[in-house]
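Source file work.cif; content: mmCIF, C-alpha atoms.
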```cif
data_final
#
loop_
_atom_site.label_atom_id
_atom_site.label_comp_id
_atom_site.auth_asym_id
_atom_site.auth_seq_id
_atom_site.Cartn_x
_atom_site.Cartn_y
_atom_site.Cartn_z
CA MET T 503 30.47 10.33 67.62
CA THR T 504 27.64 7.95 67.25
CA THR T 505 28.10 4.29 66.79
CA VAL T 506 25.42 2.39 64.94
CA VAL T 507 25.06 -1.00 66.46
CA PHE T 508 23.56 -3.68 64.27
CA ASN T 509 22.41 -6.80 65.95
CA ARG T 510 20.59 -9.79 64.55
CA ARG T 511 17.19 -8.76 65.90
CA HIS T 512 17.37 -5.33 64.26
CA LEU T 513 18.37 -6.77 60.94
CA LEU T 514 15.62 -9.36 60.96
CA ALA T 515 12.99 -6.81 61.88
CA ALA T 516 14.14 -4.32 59.27
CA GLY T 517 14.40 -6.98 56.56
CA GLY T 518 10.99 -8.33 57.41
CA SER T 519 9.30 -4.97 57.19
CA VAL T 520 10.96 -4.22 53.85
CA LEU T 521 9.82 -7.56 52.49
CA ALA T 522 6.31 -7.07 53.83
CA THR T 523 5.86 -3.57 52.43
CA GLY T 524 7.40 -4.62 49.15
CA VAL T 525 5.13 -7.61 48.70
CA LEU T 526 2.09 -5.72 49.93
CA ALA T 527 2.77 -2.68 47.77
CA SER T 528 3.34 -4.64 44.58
CA GLY T 529 0.44 -6.95 45.37
CA LEU T 530 -1.87 -4.02 46.05
CA SER T 531 -0.84 -2.01 43.01
CA GLY T 532 -1.26 -5.16 40.94
CA LEU T 533 -4.77 -5.55 42.25
CA LEU T 534 -5.67 -1.92 41.88
CA LEU T 535 -4.11 -1.39 38.44
CA PRO T 536 -4.24 -4.65 36.55
CA ALA T 537 -3.49 -2.93 33.21
CA ARG T 538 -0.26 -1.57 34.58
CA ALA T 539 0.83 -4.97 35.77
CA ALA T 540 1.08 -6.07 32.10
CA GLY T 541 3.31 -3.05 31.36
CA LEU T 542 3.86 -0.98 28.25
CA ALA T 543 3.89 -3.29 25.21
CA PRO T 544 6.89 -3.05 22.83
CA THR T 545 6.37 -1.48 19.40
CA GLU T 546 6.18 -4.03 16.59
CA THR T 547 8.05 -3.47 13.34
CA MET T 548 5.59 -2.23 10.70
CA SER T 549 5.24 -4.06 7.39
CA GLY T 550 7.35 -2.35 4.76
CA GLY T 551 9.16 -0.42 7.50
CA ALA T 552 12.62 -1.64 6.51
CA ASN T 553 12.19 -0.90 2.79
CA ASN T 554 15.10 1.05 1.27
CA TYR T 555 16.93 0.99 4.63
CA ARG T 556 20.66 1.79 4.49
CA LYS T 557 22.76 0.55 7.35
CA GLY T 558 24.63 3.09 9.46
CA ALA T 559 23.21 6.46 8.40
CA ALA T 560 25.32 9.24 9.94
CA ILE T 561 24.10 11.42 12.81
CA VAL T 562 23.32 14.79 11.23
CA GLU T 563 22.16 18.25 12.32
CA ARG T 564 19.59 18.19 9.54
CA ILE T 565 18.88 16.08 6.44
CA GLY T 566 19.41 18.19 3.33
CA LYS T 567 17.89 21.66 3.40
CA GLY T 568 15.15 20.81 5.88
CA GLY T 569 11.66 22.31 6.09
CA PHE T 570 9.92 19.23 7.50
CA TRP T 571 10.08 17.84 11.05
CA MET T 572 10.22 14.21 12.05
CA SER T 573 9.82 13.74 15.79
CA GLY T 574 8.93 11.14 18.38
CA THR T 575 9.85 9.39 21.60
CA VAL T 576 11.78 6.30 22.66
CA ARG T 577 10.70 4.46 25.80
CA ARG T 578 11.46 1.14 27.44
CA ALA T 579 8.83 -1.60 27.29
CA GLY T 580 7.22 -2.48 30.61
CA ASP T 581 7.75 0.60 32.78
CA GLY T 582 7.82 3.18 29.96
CA THR T 583 11.05 4.83 31.12
CA PRO T 584 12.25 7.41 28.56
CA LEU T 585 15.48 6.22 26.94
CA ALA T 586 18.13 8.91 26.45
CA GLY T 587 20.92 8.84 23.85
CA GLN T 588 19.24 6.33 21.56
CA ARG T 589 20.13 6.54 17.88
CA ILE T 590 17.15 6.74 15.52
CA GLN T 591 17.62 6.54 11.75
CA ILE T 592 15.22 8.38 9.45
CA TRP T 593 14.68 8.26 5.68
CA ALA T 594 11.96 9.04 3.16
CA HIS T 595 11.22 10.07 -0.42
CA THR T 596 11.52 13.85 -0.22
CA VAL T 597 11.73 16.83 -2.54
CA GLU T 598 15.51 16.32 -2.43
CA GLY T 599 15.72 12.66 -3.35
CA GLN T 600 14.31 9.17 -3.52
CA GLU T 601 14.08 6.81 -0.55
CA HIS T 602 17.09 4.68 -1.46
CA GLU T 603 19.46 7.59 -2.13
CA PRO T 604 22.09 8.33 0.56
CA GLN T 605 21.17 12.02 0.87
CA SER T 606 17.64 11.00 1.93
CA HIS T 607 18.99 9.28 5.07
CA GLY T 608 20.12 10.62 8.45
CA ALA T 609 20.17 9.79 12.15
CA THR T 610 19.67 11.60 15.44
CA LEU T 611 19.89 10.87 19.19
CA THR T 612 17.17 11.08 21.83
CA ASP T 613 17.51 13.72 24.56
CA LYS T 614 17.29 13.07 28.32
CA ASP T 615 13.48 12.82 28.07
CA GLY T 616 13.72 10.16 25.34
CA LYS T 617 12.56 12.62 22.69
CA PHE T 618 14.04 13.05 19.21
CA ARG T 619 13.45 15.62 16.51
CA LEU T 620 15.19 15.89 13.14
CA GLU T 621 14.63 18.40 10.38
CA MET T 622 14.53 16.96 6.87
CA PRO T 623 13.23 17.91 3.40
CA GLN T 624 9.46 17.80 2.74
CA ILE T 625 8.16 14.23 2.41
CA ILE T 626 6.13 13.61 -0.75
CA PRO T 627 3.89 10.67 -1.71
CA ILE T 628 5.76 7.63 -3.00
CA PHE T 629 4.12 4.35 -3.95
CA GLY T 630 0.70 5.87 -3.33
CA GLN T 631 1.18 7.13 0.24
CA PRO T 632 3.11 10.03 1.80
CA HIS T 633 5.15 8.21 4.44
CA GLY T 634 8.44 8.17 6.32
CA HIS T 635 10.73 5.44 7.61
CA LEU T 636 12.44 5.17 11.00
CA ALA T 637 14.70 2.54 12.48
CA TYR T 638 16.18 1.67 15.84
CA ASP T 639 18.97 -0.86 15.28
CA SER T 640 21.74 -0.14 17.79
CA GLY T 641 21.63 -3.64 19.24
CA GLU T 642 21.01 -2.92 22.94
CA PHE T 643 17.28 -3.33 22.32
CA LYS T 644 15.44 -5.36 19.71
CA THR T 645 15.53 -3.76 16.24
CA VAL T 646 12.34 -1.94 15.22
CA PHE T 647 11.41 -0.42 11.82
CA LEU T 648 8.49 2.03 11.61
CA ARG T 649 6.63 3.38 8.57
CA PRO T 650 4.26 6.19 9.68
CA VAL T 651 1.87 7.62 7.05
CA MET T 652 0.98 11.32 6.85
CA ARG T 653 -2.74 12.15 6.99
CA SER T 654 -2.19 14.57 4.12
CA ALA T 655 0.70 15.17 1.75
CA LYS T 656 0.50 18.86 2.73
CA GLU T 657 1.55 18.23 6.35
CA THR T 658 5.00 19.47 7.31
CA SER T 659 5.66 17.15 10.25
CA LEU T 660 5.30 13.52 11.21
CA GLU T 661 5.60 11.61 14.48
CA ALA T 662 6.70 8.08 15.33
CA HIS T 663 7.06 6.49 18.76
CA PHE T 664 9.25 3.61 19.83
CA VAL T 665 8.75 1.29 22.81
CA LEU T 666 11.80 -0.95 22.89
CA GLN T 667 12.37 -4.32 24.53
CA PRO T 668 15.81 -5.75 25.45
CA ALA T 669 17.38 -7.67 22.59
CA MET J 1030 -21.65 9.28 -33.07
CA ILE J 1031 -19.12 12.05 -32.53
CA LEU J 1032 -20.57 12.62 -29.07
CA ILE J 1033 -19.72 9.14 -27.79
CA TRP J 1034 -16.21 9.17 -29.19
CA THR J 1035 -15.66 12.67 -27.75
CA ALA J 1036 -16.93 11.56 -24.34
CA LEU J 1037 -14.54 8.60 -24.42
CA ALA J 1038 -11.62 10.80 -25.44
CA VAL J 1039 -12.43 13.26 -22.63
CA ALA J 1040 -12.91 10.54 -20.00
CA ILE J 1041 -9.43 9.14 -20.74
CA GLY J 1042 -7.64 12.23 -22.05
CA VAL J 1043 -8.47 14.66 -19.24
CA PRO J 1044 -7.15 12.48 -16.35
CA VAL J 1045 -3.96 11.79 -18.35
CA ALA J 1046 -3.51 15.49 -19.17
CA LEU J 1047 -4.13 16.59 -15.56
CA ALA J 1048 -1.73 13.95 -14.25
CA ALA J 1049 0.86 15.35 -16.66
CA THR J 1050 0.59 18.71 -14.86
CA SER J 1051 1.01 17.17 -11.37
CA GLU J 1052 3.67 18.82 -9.23
CA GLN J 1053 4.60 15.31 -8.00
CA LEU J 1054 6.32 14.67 -11.32
CA ALA J 1055 9.09 17.11 -10.39
CA TRP J 1056 10.29 14.75 -7.65
CA ARG J 1057 10.12 11.55 -9.70
CA GLY J 1058 12.59 9.86 -11.99
CA PRO J 1059 11.68 9.01 -15.62
CA VAL J 1060 11.11 5.30 -14.91
CA TYR J 1061 8.71 6.07 -12.04
CA ILE J 1062 6.85 8.59 -14.22
CA LEU J 1063 6.55 6.04 -17.04
CA ALA J 1064 5.27 3.42 -14.58
CA GLY J 1065 2.63 5.82 -13.25
CA PHE J 1066 1.33 6.79 -16.68
CA ALA J 1067 1.28 3.14 -17.80
CA GLY J 1068 -1.09 2.58 -14.87
CA ILE J 1069 -3.36 5.49 -15.87
CA ILE J 1070 -3.41 4.31 -19.51
CA ALA J 1071 -4.25 0.80 -18.30
CA LEU J 1072 -7.30 2.15 -16.46
CA GLY J 1073 -8.34 3.97 -19.64
CA LEU J 1074 -8.07 0.71 -21.59
CA VAL J 1075 -10.23 -1.02 -18.98
CA LEU J 1076 -12.91 1.55 -19.85
CA VAL J 1077 -12.62 0.83 -23.60
CA GLN J 1078 -13.06 -2.95 -23.25
CA PRO J 1079 -16.73 -3.15 -22.17
CA LEU J 1080 -17.63 -0.38 -24.65
CA LEU J 1081 -16.20 -2.47 -27.50
CA ILE J 1082 -17.94 -5.68 -26.46
CA GLY J 1083 -21.23 -3.88 -25.89
CA GLY J 1084 -21.00 -2.33 -29.36
CA TYR J 1085 -21.41 1.18 -27.93
CA LEU J 1086 -18.70 2.73 -30.08
CA PRO J 1087 -20.31 3.82 -33.34
CA GLY J 1088 -18.56 2.97 -36.57
CA LEU J 1089 -17.26 -0.37 -35.35
CA SER J 1090 -19.11 -3.48 -36.48
CA ALA J 1091 -19.62 -6.27 -33.95
CA TYR J 1092 -16.83 -8.23 -35.65
CA ARG J 1093 -14.39 -5.30 -35.73
CA GLY J 1094 -15.32 -4.39 -32.17
CA ARG J 1095 -14.38 -7.87 -30.99
CA ARG J 1096 -11.10 -7.80 -32.94
CA VAL J 1097 -10.19 -4.45 -31.39
CA HIS J 1098 -11.20 -5.84 -27.95
CA HIS J 1099 -8.53 -8.54 -28.43
CA TRP J 1100 -5.84 -6.04 -29.34
CA ILE J 1101 -6.78 -3.65 -26.52
CA GLY J 1102 -6.65 -6.63 -24.15
CA GLY J 1103 -3.07 -7.28 -25.27
CA ALA J 1104 -2.22 -3.60 -24.85
CA LEU J 1105 -3.74 -3.68 -21.35
CA ALA J 1106 -1.53 -6.63 -20.34
CA LEU J 1107 1.49 -4.77 -21.76
CA ALA J 1108 0.60 -1.53 -19.93
CA VAL J 1109 0.26 -3.43 -16.63
CA ALA J 1110 3.60 -5.16 -17.25
CA ILE J 1111 5.26 -1.75 -17.82
CA HIS J 1112 3.53 -0.37 -14.69
CA VAL J 1113 4.83 -3.21 -12.50
CA ALA J 1114 8.32 -3.33 -14.06
CA GLY J 1115 8.74 0.44 -13.69
CA LEU J 1116 7.68 0.37 -10.05
CA TRP J 1117 9.99 -2.58 -9.43
CA ILE J 1118 12.95 -0.61 -10.80
CA THR J 1119 11.94 2.45 -8.74
CA SER J 1120 11.71 0.60 -5.41
CA PRO J 1121 12.25 -3.18 -5.50
CA PRO J 1122 11.34 -3.88 -1.83
CA ASP J 1123 8.00 -2.03 -2.12
CA MET J 1124 7.10 -3.92 -5.31
CA ILE J 1125 8.06 -7.28 -3.76
CA ASP J 1126 5.83 -6.49 -0.76
CA ALA J 1127 2.96 -5.70 -3.12
CA LEU J 1128 3.38 -8.83 -5.26
CA THR J 1129 3.56 -11.06 -2.18
CA TYR J 1130 0.45 -9.43 -0.66
CA ALA J 1131 2.59 -8.16 2.26
CA SER J 1132 2.34 -4.45 1.48
CA PRO J 1133 1.21 -1.94 4.12
CA THR J 1134 -0.66 0.03 1.44
CA PRO J 1135 -4.34 -0.98 1.24
CA PHE J 1136 -4.59 -0.49 -2.54
CA SER J 1137 -1.80 -2.93 -3.45
CA PRO J 1138 -3.71 -6.24 -3.11
CA PHE J 1139 -6.50 -4.87 -5.33
CA GLY J 1140 -4.03 -3.91 -8.04
CA VAL J 1141 -2.07 -7.16 -7.85
CA THR J 1142 -5.27 -9.26 -7.98
CA ALA J 1143 -6.48 -7.30 -11.02
CA MET J 1144 -3.06 -7.81 -12.61
CA TRP J 1145 -3.23 -11.60 -12.25
CA ALA J 1146 -6.80 -11.59 -13.60
CA ILE J 1147 -5.62 -9.58 -16.65
CA PHE J 1148 -2.70 -11.96 -17.26
CA VAL J 1149 -4.91 -15.05 -16.93
CA VAL J 1150 -7.52 -13.66 -19.35
CA ALA J 1151 -4.82 -12.60 -21.85
CA LEU J 1152 -3.12 -16.00 -21.68
CA LEU J 1153 -6.36 -17.95 -22.03
CA ALA J 1154 -7.45 -15.71 -24.91
CA LEU J 1155 -4.18 -16.48 -26.69
CA LEU J 1156 -4.52 -20.22 -26.08
CA ARG J 1157 -8.29 -20.45 -26.46
CA ARG J 1158 -8.21 -22.19 -29.84
CA ARG J 1159 -5.36 -24.49 -28.87
CA LEU J 1160 -7.10 -25.47 -25.64
CA GLY J 1161 -10.32 -26.01 -27.56
CA LEU J 1162 -12.28 -23.79 -25.17
CA ARG J 1163 -15.86 -23.36 -26.34
CA LEU J 1164 -17.45 -19.92 -26.28
CA ARG J 1165 -19.66 -21.05 -23.40
CA THR J 1166 -16.71 -22.16 -21.25
CA TRP J 1167 -14.72 -19.09 -22.24
CA ARG J 1168 -17.51 -16.80 -21.02
CA ILE J 1169 -17.81 -18.60 -17.71
CA VAL J 1170 -14.07 -17.92 -17.20
CA HIS J 1171 -13.86 -14.44 -18.70
CA ILE J 1172 -16.91 -12.73 -17.19
CA PRO J 1173 -16.03 -13.27 -13.49
CA LEU J 1174 -12.39 -12.35 -14.22
CA ALA J 1175 -13.58 -9.20 -16.02
CA ILE J 1176 -15.48 -8.22 -12.86
CA VAL J 1177 -12.35 -8.86 -10.78
CA ILE J 1178 -10.30 -6.70 -13.18
CA VAL J 1179 -12.80 -3.81 -13.11
CA VAL J 1180 -13.40 -3.78 -9.34
CA GLY J 1181 -9.72 -4.38 -8.54
CA SER J 1182 -8.52 -1.63 -10.89
CA VAL J 1183 -11.06 0.92 -9.69
CA VAL J 1184 -10.42 0.37 -5.96
CA HIS J 1185 -6.65 0.27 -6.55
CA CYS J 1186 -6.76 3.57 -8.41
CA LEU J 1187 -9.12 5.39 -6.03
CA LEU J 1188 -7.04 4.60 -2.92
CA ILE J 1189 -3.77 5.81 -4.40
CA GLU J 1190 -2.40 9.24 -3.59
CA GLY J 1191 -0.31 10.00 -6.63
CA THR J 1192 -0.18 12.14 -9.74
CA MET J 1193 -3.85 11.77 -10.75
CA GLU J 1194 -6.20 14.67 -10.07
CA THR J 1195 -9.00 13.55 -7.73
CA VAL J 1196 -12.15 14.53 -9.66
CA SER J 1197 -11.02 13.36 -13.12
CA LYS J 1198 -9.85 10.12 -11.50
CA ALA J 1199 -13.24 9.56 -9.84
CA VAL J 1200 -15.07 10.31 -13.11
CA LEU J 1201 -12.92 7.83 -15.04
CA CYS J 1202 -13.49 5.17 -12.36
CA ALA J 1203 -17.26 5.82 -12.40
CA ALA J 1204 -17.26 5.53 -16.21
CA VAL J 1205 -15.44 2.18 -15.99
CA LEU J 1206 -18.00 0.86 -13.51
CA ALA J 1207 -20.96 2.22 -15.48
CA ALA J 1208 -19.74 0.76 -18.80
CA THR J 1209 -19.14 -2.63 -17.17
CA ILE J 1210 -22.56 -2.74 -15.50
CA LYS J 1211 -24.25 -1.64 -18.73
CA VAL J 1212 -22.61 -4.30 -20.86
CA MET J 1213 -23.40 -6.99 -18.28
CA VAL J 1214 -27.06 -5.94 -18.21
CA ASP J 1215 -27.37 -5.49 -21.98
CA LEU J 1216 -25.79 -8.84 -22.79
CA GLN J 1217 -27.81 -10.38 -19.96
CA VAL J 1218 -24.84 -12.36 -18.77
CA TRP J 1219 -26.83 -13.52 -15.75
CA ARG J 1220 -29.71 -14.85 -17.81
CA LYS J 1221 -27.43 -16.50 -20.31
CA ARG J 1222 -25.62 -18.38 -17.61
CA ARG J 1223 -28.93 -19.56 -16.23
CA THR J 1224 -29.92 -20.71 -19.73
CA LEU J 1225 -26.60 -22.46 -20.05
CA ARG J 1226 -27.17 -24.29 -16.81
CA GLY J 1227 -30.67 -25.19 -18.03
CA GLU J 1228 -29.23 -26.45 -21.29
CA SER J 1229 -26.62 -28.58 -19.61
CA VAL J 1230 -29.27 -30.01 -17.28
CA ALA J 1231 -31.39 -30.80 -20.32
CA ARG J 1232 -28.42 -32.44 -22.01
CA GLN J 1233 -27.64 -34.41 -18.87
CA ARG J 1234 -31.25 -35.59 -18.80
CA ALA J 1235 -31.01 -36.62 -22.45
CA VAL J 1236 -27.90 -38.64 -21.60
CA ASP J 1237 -29.67 -40.24 -18.64
CA LEU J 1238 -32.58 -41.18 -20.81
#
```
How would this structure read if it were set down as C-alpha cells?
Amino acid sequence: MTTVVFNRRHLLAAGGSVLATGVLASGLSGLLLPARAAGLAPTETMSGGANNYRKGAAIVERIGKGGFWMSGTVRRAGDGTPLAGQRIQIWAHTVEGQEHEPQSHGATLTDKDGKFRLEMPQIIPIFGQPHGHLAYDSGEFKTVFLRPVMRSAKETSLEAHFVLQPA
Amino acid sequence: MILIWTALAVAIGVPVALAATSEQLAWRGPVYILAGFAGIIALGLVLVQPLLIGGYLPGLSAYRGRRVHHWIGGALALAVAIHVAGLWITSPPDMIDALTYASPTPFSPFGVTAMWAIFVVALLALLRRRLGLRLRTWRIVHIPLAIVIVVGSVVHCLLIEGTMETVSKAVLCAAVLAATIKVMVDLQVWRKRRTLRGESVARQRAVDL
C-alpha cells in the first residue's frame, strides 16, 4: 500500500507550475491566434425571422407529409461547442399550408453533435421569396429567430445555423 | 392604330394570363391571389399612364387622353390599396415590416415608396383645384413623383419571385420604362423646367426693377 504524502512544498510547486503553464498557454495561444481569442460570435436574430411564429410547436417526427429537409447546427458562442438536445422550432409556407397555420409548424431536437434535421413539406415562395423560419426559444440561451432564403424555389432542402449565447 | 392598341393589350394581357397559369396559385388562398393580381394590374396601369399623356394611343384626343389619365390614376391608387390590404390580411407581420421599411426582402422598400408616391399624386390631383395649384407647380410635383412611381414599381416587380412569368414580366417592365422615357423626352420636361426657371428669374428681375 502506498501512501501519498502531501506537504506544503509539493503543493506550492505543483500549484505554481499549473498556474504558469495555464497563463503561458492561454497567453501564447492568444498571441498566436488572435481571431480565436474573440471567440465564435452569437447568431443575431434576422429581420422578419419571428413573423407568423407560434409559441410551443410540438416536437414531431416530420411536419405533414414531408419531402423537404430543413437542417442545421446549434453551437455555443465563444468556444463553438456543439449543443445537444436543443429544441429548434421550424415553420414555413409549404404546399400543405400557410405560414401561420398550425400544421405548418413543428419542432425537433439536436443530436449529440449539435445537429438537427427535420422533414417537412416543400417550401414555396411567399411574399416574394422562398424562405423558412426557425426559432430557438427554450430560455437557457438567448432567443434567436432565423429566416433563411432558398437560392431557388426548386431546391428541396435548406440549412440554418445557430450560435447561441447564455440568456 | 390597331397595332398600338394590340401591342398594349399584349404587353398587359400576356403577363396577366401567364400569371393565371402559375402553379404557385394552387398553394395560395383567394385573398393572397387577389392581392397578387391587383399588383400585376397596377403595373399594367403604370404603363398606360405615360402613353395617355404622350398622346400615343390613337383615337383619344389630348383632352380625352388627359381625362382617362385621371381615371386610370384613381384606378391605380385603388389597385395598390387592394394589393396592400390583401397582403396585410394574408400575413400581417410581413406587411407591417414592409410598410415600416423593416422588411428583409429587398423589393419591399421600392414598392412601399412607389405606393406613397402614387397616393400623394392621387391626393394632390384630387385637391389641385382646391389648393389652387398652378399647372407649373403641379408639374414640378408630379413629374419627379412619376419617376419615383415608375422606377419603384419596376424594381419592386423585377425582384419578386411570385406568380409572374419571368420573360413577360421583364417585357412589361421594359415597356413601362420605355414609355416613361419617351414621354419625358417628347414633352421635353427637362427643357420646360429650365424655361420655367428662366421665366421666374425674369419675373424676379421685373419685380426688382
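Comparing the minimum interatomic distances between chain T and each of J:Ala1203, J:Val1043, J:Val1170, J:Ala1064, counting only C-alpha atoms, we find that J:Ala1064 sits nearest.
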Closest atom pairs, chain T residues within 10 Å of chain J, all atoms listed in the file, as a Markdown table:
```
| residue | atom | partner | partner_atom | distance |
| --- | --- | --- | --- | --- |
| T:Met548 | CA | J:Pro1133 | CA | 7.9 |
| T:Ser549 | CA | J:Pro1133 | CA | 5.6 |
| T:Gly550 | CA | J:Pro1133 | CA | 6.2 |
| T:Gly551 | CA | J:Pro1133 | CA | 8.8 |
| T:Ala552 | CA | J:Pro1122 | CA | 8.7 |
| T:Asn553 | CA | J:Pro1122 | CA | 5.6 |
| T:Asn554 | CA | J:Pro1122 | CA | 6.9 |
| T:Tyr555 | CA | J:Pro1122 | CA | 9.8 |
| T:His595 | CA | J:Trp1056 | CA | 8.7 |
| T:Thr596 | CA | J:Trp1056 | CA | 7.6 |
| T:Val597 | CA | J:Trp1056 | CA | 5.7 |
| T:Glu598 | CA | J:Trp1056 | CA | 7.5 |
| T:Gly599 | CA | J:Trp1056 | CA | 7.2 |
| T:Gln600 | CA | J:Arg1057 | CA | 7.8 |
| T:Glu601 | CA | J:Ser1120 | CA | 8.2 |
| T:His602 | CA | J:Ser1120 | CA | 7.8 |
| T:Ile626 | CA | J:Gln1053 | CA | 7.6 |
| T:Pro627 | CA | J:Gly1191 | CA | 6.5 |
| T:Ile628 | CA | J:Gly1191 | CA | 7.5 |
| T:Phe629 | CA | J:Gly1191 | CA | 7.7 |
| T:Gly630 | CA | J:Glu1190 | CA | 4.6 |
| T:Gln631 | CA | J:Glu1190 | CA | 5.7 |
| T:Pro632 | CA | J:Glu1190 | CA | 7.7 |
| T:Arg649 | CA | J:Pro1133 | CA | 8.8 |
| T:Val651 | CA | J:Thr1134 | CA | 9.8 |
| T:Ser654 | CA | J:Glu1190 | CA | 9.4 |
| T:Ala655 | CA | J:Glu1190 | CA | 8.6 |
```
Next item on the list: Using the chain letters and residue numbers of this document, give as a PyMOL selection string the residues selected by the PyMOL selection byres ((chain J and resi 1049) around 12).
Entry: chain J and resi 1042-1048+1050-1055+1062-1063+1065-1066+1069+1191-1194
Margin query: Using only C-alpha atoms, can you tell me which of J:Val1060, J:Met1030, J:Ala1104, J:Val1214 comes closest to Pro1087 of chain J?
Written below: J:Met1030
Can you turn the PyMOL selection byres ((chain T and resi 572-581) around 8) into a concrete residue list for this file, as a CSV table (one decimal) with C-alpha atoms, keeping the file's coordinate frame?
```csv
chain,number,residue,atom,x,y,z
T,540,ALA,CA,1.1,-6.1,32.1
T,541,GLY,CA,3.3,-3.0,31.4
T,542,LEU,CA,3.9,-1.0,28.2
T,543,ALA,CA,3.9,-3.3,25.2
T,544,PRO,CA,6.9,-3.0,22.8
T,570,PHE,CA,9.9,19.2,7.5
T,571,TRP,CA,10.1,17.8,11.0
T,582,GLY,CA,7.8,3.2,30.0
T,583,THR,CA,11.0,4.8,31.1
T,584,PRO,CA,12.2,7.4,28.6
T,585,LEU,CA,15.5,6.2,26.9
T,586,ALA,CA,18.1,8.9,26.4
T,588,GLN,CA,19.2,6.3,21.6
T,612,THR,CA,17.2,11.1,21.8
T,616,GLY,CA,13.7,10.2,25.3
T,617,LYS,CA,12.6,12.6,22.7
T,618,PHE,CA,14.0,13.0,19.2
T,619,ARG,CA,13.4,15.6,16.5
T,620,LEU,CA,15.2,15.9,13.1
T,621,GLU,CA,14.6,18.4,10.4
T,622,MET,CA,14.5,17.0,6.9
T,659,SER,CA,5.7,17.2,10.2
T,660,LEU,CA,5.3,13.5,11.2
T,661,GLU,CA,5.6,11.6,14.5
T,662,ALA,CA,6.7,8.1,15.3
T,663,HIS,CA,7.1,6.5,18.8
T,664,PHE,CA,9.2,3.6,19.8
T,665,VAL,CA,8.8,1.3,22.8
T,666,LEU,CA,11.8,-1.0,22.9
T,667,GLN,CA,12.4,-4.3,24.5
```
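When atom CA of Thr1166 of chain J is paired with atom CA of Gln1217 of chain J, their separation reads 16.2 Å.
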Notebook entry, point to check: What do you get, as an NGL selection string, if you spell out every residue that the PyMOL selection byres ((chain T and resi 637) around 7) selects here?
Noted result: :T and (590-592 or 635-636 or 638-639 or 646-648)
Padded axis-aligned box of segment 628-634 of chain T (4 Å per side), centre and edge lengths, Å, one decimal, as JSON:
```
{"center_x": 4.6, "center_y": 7.2, "center_z": 1.2, "size_x": 15.7, "size_y": 13.7, "size_z": 18.3}
```
Checklist line | Distance query Met1213 of chain J at most 12 Å, all atoms listed in the file, self and fewer than 2 positions along chain excluded, as number ranges by chain | finding: J: 1079-1080, 1082-1083, 1168, 1172-1173, 1175-1176, 1206-1211, 1215-1222
Checklist line | Selection: 12 Å around segment 1151-1160 of chain J, all atoms listed in the file, excl. self and same-chain fewer than 3 positions, as an NGL selection string | finding: :J and (1096 or 1098-1107 or 1109 or 1144-1148 or 1163-1168 or 1170-1171 or 1174-1175 or 1178)
Check: Rounded to one decimal in Å, what is the spacing between atom CA of Gln624 of chain T and atom CA of Gly568 of chain T?
Finding: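 Going from atom CA of Gln624 of chain T over to atom CA of Gly568 of chain T, I get 7.2 Å.
Nearest to Thr610 of chain T of all the residues T:Val562, T:Ile625, T:Ala594, T:Met652 is T:Val562, based on all atoms listed in the file.
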Notebook entry, point to check: Taking (24.4, 6.7, 7.6) in the file's coordinates as the center, which residues reach within 7 Å of it, counting all atoms listed in the file, put as a ChimeraX atom specification?
Noted result: /T:556-560,607-609
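Of note, atom CA of Gly566 of chain T and atom CA of Phe643 of chain T are spaced 28.8 Å apart.
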Next item on the list: Check the smallest atom-to-atom distance from each of J:Val1212, J:Leu1187, J:Leu1201, J:Leu1089 to Val1039 of chain J using only C-alpha atoms, then report the winner.
Entry: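 Looking at the shortest contact to Val1039 of chain J, the residue is J:Leu1201.
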My structure is short of atoms at segment 554-565 of chain T; please model N, CA and C atoms there, returning them as a tab-separated table (two decimals), keeping the file's coordinate frame.
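Below is the file selection.tsv, written as the result:
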```tsv
chain	number	residue	atom	x	y	z
T	554	ASN	N	14.10	0.05	1.67
T	554	ASN	CA	15.10	1.05	1.27
T	554	ASN	C	15.96	1.54	2.44
T	555	TYR	N	16.07	0.70	3.48
T	555	TYR	CA	16.93	0.99	4.63
T	555	TYR	C	18.39	0.92	4.21
T	556	ARG	N	19.21	1.83	4.72
T	556	ARG	CA	20.66	1.79	4.49
T	556	ARG	C	21.30	1.73	5.85
T	557	LYS	N	22.15	0.74	6.05
T	557	LYS	CA	22.76	0.55	7.35
T	557	LYS	C	23.69	1.72	7.70
T	558	GLY	N	23.64	2.14	8.95
T	558	GLY	CA	24.63	3.09	9.46
T	558	GLY	C	24.54	4.50	8.93
T	559	ALA	N	23.33	5.05	8.80
T	559	ALA	CA	23.21	6.46	8.40
T	559	ALA	C	23.87	7.34	9.47
T	560	ALA	N	24.57	8.38	9.02
T	560	ALA	CA	25.32	9.24	9.94
T	560	ALA	C	24.39	10.12	10.76
T	561	ILE	N	24.85	10.47	11.98
T	561	ILE	CA	24.10	11.42	12.81
T	561	ILE	C	24.33	12.81	12.21
T	562	VAL	N	23.23	13.49	11.90
T	562	VAL	CA	23.32	14.79	11.23
T	562	VAL	C	22.52	15.86	11.99
T	563	GLU	N	22.89	17.11	11.77
T	563	GLU	CA	22.16	18.25	12.32
T	563	GLU	C	20.79	18.34	11.67
T	564	ARG	N	20.77	18.01	10.37
T	564	ARG	CA	19.59	18.19	9.54
T	564	ARG	C	19.82	17.36	8.27
T	565	ILE	N	18.74	16.77	7.72
T	565	ILE	CA	18.88	16.08	6.44
T	565	ILE	C	18.61	17.09	5.34
```
